[in-house]
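Encoded as C-alpha cells, the structure appears first; notes follow it.
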Amino acid sequence: MVLSNEGAVDTPPGQEKAQELPVPLEKRPRHIAIIMDGNGRWAAQRGWPRIEGHRRGVQAVGRVVRACVRWQIPFLTLYCLSSENWKRPPQELSALMELLGQFMVEARREILRQNIRLRILGRREGIPDHVLREMDKTVSLSAENRGLCLSLAINYGGRSELVDAVRTIVNKVRAGKLDPDQINDQVISDHLYTSGLPDPDLLIRTAGEMRVSNFLLWQISYAELWVTQDCWPDFTEEHLRQAICDYAQRVRRFGGL
C-alpha cells in the first residue's frame, strides 16, 4: 500500500482544472467513510489470485487519499478488514497481514509529508505482533499532524465496537466514576473507537452491494449513501468526485422538514 504517485497517470495538458472539485468547501462532506468491497471478485474475474485484487486495491487507496488531501476533506475512514473476515482462508489472511505491514512501512514517509494523521479503529487481537509494531509506530509519528485524519478500520466490527463501549461504560458506573443518569448519546459516542471524530456525512460502497456490513453502525445514522457497481480496485478519483458532487445536491433534514 503506497500513497505516492508512482504508477499514476499524468494529467493531460490543458485538463488540470478538470481534475479539481466543482463543489464549494462548505458543501463538501467533512467525513467520508468507504466500504472497499470487491477486491477478490475483481481478481477472480481476471483469473488472478485474490491477493492480487487486494494489491490493486491498495493503489485505489492511494488515489482516494491524495484526492481527499487535495480537496481538503478533513476525515476519511476506510473499512480494511472486518472482524468477520477472519473466516477467510489462512493463506489469504496471512497475505493480507503482510500487505498491511508493508503499507505501514512504505506509506509512512508520505503520511508524514502530507501532514496526515493516522488512526486505527478495531480490536488488536489476531493481528501479528510485527504488524502491530509498524501500525503503532506510524500512528505515533503522525499523532501531531493536522491535515487529513485517515482512519483505517482493521479487525473492526460495528457490533463489537458497541459491546466494547458498553463494557467500558459499565465499568465506570461500577467504579462510581459515572452516574447512569448521565449516560446519553454523547457519552456513548465518546466511548467508541471513533471518539473525537465527527460522524460520517457520506458513506461510499463499491461492488454494488446494498448493505452496510457491520460498519460504523452507530456513526452512520444520518450518513448519505452512494454506491457504485465498480469493484474497489477500479475506484478512481472520478468516482470520488461524482460521489461528492451527488452529496452536495442532497438536502439533509436530519428528521426535520
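Residue numbering restarts at 1 for every chain of the C-alpha cells, chains are lettered A, B, ... in their displayed order, and ligands are numbered from 1 as they appear.
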DSSP-assigned helix (DSSP H, G or I) members of range 125-231 of chain A, reported as a VMD selection string
chain A and resid 129 to 141 158 to 174 180 to 182 185 to 190
**Request:** Pick out the residues sitting within 12 Å of Leu93 in chain A, and hand them over as a VMD selection string; count only C-alpha atoms, and ignore anything fewer than 4 positions along from it in its own chain.
**Result:** chain A and resid 50 to 51 54 81 to 89 97 to 100 126 to 128 155
**OP:** Write down as a ChimeraX atom specification the residues of range 52-164 of chain A whose backbone DSSP state falls under strand (DSSP E or B).
**Re:** /A:75-82,117-121,149-156
Let's have the selection written as a PDB file, in the first residue's frame, with C-alpha atoms.
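File again.pdb, as written:
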```pdb
ATOM      1  CA  PHE A  75     -11.726  12.991   7.680  1.00  0.00           C
ATOM      2  CA  LEU A  76     -11.541   9.731   5.720  1.00  0.00           C
ATOM      3  CA  THR A  77     -12.325   6.300   7.167  1.00  0.00           C
ATOM      4  CA  LEU A  78     -11.628   3.116   5.192  1.00  0.00           C
ATOM      5  CA  TYR A  79     -13.011  -0.348   6.007  1.00  0.00           C
ATOM      6  CA  CYS A  80      -9.909  -2.503   5.525  1.00  0.00           C
ATOM      7  CA  LEU A  81     -10.582  -5.712   7.450  1.00  0.00           C
ATOM      8  CA  SER A  82     -13.789  -6.672   9.207  1.00  0.00           C
ATOM      9  CA  ARG A 117      -2.829  11.824  10.971  1.00  0.00           C
ATOM     10  CA  LEU A 118      -3.337   8.060  11.045  1.00  0.00           C
ATOM     11  CA  ARG A 119      -5.795   6.308  13.371  1.00  0.00           C
ATOM     12  CA  ILE A 120      -6.586   2.607  13.668  1.00  0.00           C
ATOM     13  CA  LEU A 121     -10.120   1.515  14.563  1.00  0.00           C
ATOM     14  CA  CYS A 149      -7.301  12.336   9.543  1.00  0.00           C
ATOM     15  CA  LEU A 150      -7.077   8.910   7.915  1.00  0.00           C
ATOM     16  CA  SER A 151      -8.745   6.159   9.954  1.00  0.00           C
ATOM     17  CA  LEU A 152      -8.248   2.530   8.960  1.00  0.00           C
ATOM     18  CA  ALA A 153     -10.832   0.078  10.313  1.00  0.00           C
ATOM     19  CA  ILE A 154      -8.831  -3.124  10.860  1.00  0.00           C
ATOM     20  CA  ASN A 155     -10.298  -6.143  12.643  1.00  0.00           C
ATOM     21  CA  TYR A 156     -13.327  -3.907  13.023  1.00  0.00           C
TER      22      TYR A 156
END
```
Among A:Gln249, A:Asn214, A:Gln219, A:Thr236, Arg63 in chain A is approached most closely, using only C-alpha atoms, by A:Thr236
Margin query: Which residues are close to Val187 in chain A, i.e. within 10 Å by only C-alpha atoms, leaving aside same-chain residues fewer than 6 positions away? Reply as a PyMOL selection string.
Written below: chain A and resi 165+169+178+195
Skipping near chain neighbours, those fewer than 3 positions away, what residues fall within 12 Å of range 41-48 of chain A using only C-alpha atoms, listed as a PyMOL selection string?
chain A and resi 36-38+51-57+206-208+229-235
Write the residues of the selection above to a file with C-alpha atoms, as a PDB file, in the first residue's frame.
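The result, stored in selection.pdb:
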```pdb
ATOM      1  CA  MET A  36     -13.872  -1.010  -0.041  1.00  0.00           C
ATOM      2  CA  ASP A  37     -15.567  -4.076  -1.493  1.00  0.00           C
ATOM      3  CA  GLY A  38     -14.877  -6.383  -4.426  1.00  0.00           C
ATOM      4  CA  ILE A  51      -4.440 -11.300  -3.155  1.00  0.00           C
ATOM      5  CA  GLU A  52      -3.708  -9.539  -6.450  1.00  0.00           C
ATOM      6  CA  GLY A  53      -7.081  -7.823  -6.079  1.00  0.00           C
ATOM      7  CA  HIS A  54      -6.039  -6.612  -2.640  1.00  0.00           C
ATOM      8  CA  ARG A  55      -2.738  -5.314  -4.016  1.00  0.00           C
ATOM      9  CA  ARG A  56      -4.557  -3.403  -6.739  1.00  0.00           C
ATOM     10  CA  GLY A  57      -6.991  -2.152  -4.107  1.00  0.00           C
ATOM     11  CA  THR A 206     -18.173  -0.316  -4.084  1.00  0.00           C
ATOM     12  CA  ALA A 207     -19.064  -3.530  -5.970  1.00  0.00           C
ATOM     13  CA  GLY A 208     -22.787  -2.761  -5.996  1.00  0.00           C
ATOM     14  CA  GLN A 229     -21.178  -1.160  -9.299  1.00  0.00           C
ATOM     15  CA  ASP A 230     -17.417  -0.957  -9.868  1.00  0.00           C
ATOM     16  CA  CYS A 231     -15.162  -3.007  -7.612  1.00  0.00           C
ATOM     17  CA  TRP A 232     -12.704  -1.233  -5.346  1.00  0.00           C
ATOM     18  CA  PRO A 233      -9.560  -1.736  -7.495  1.00  0.00           C
ATOM     19  CA  ASP A 234     -11.335   0.199 -10.285  1.00  0.00           C
ATOM     20  CA  PHE A 235     -12.346   3.065  -7.971  1.00  0.00           C
TER      21      PHE A 235
END
```
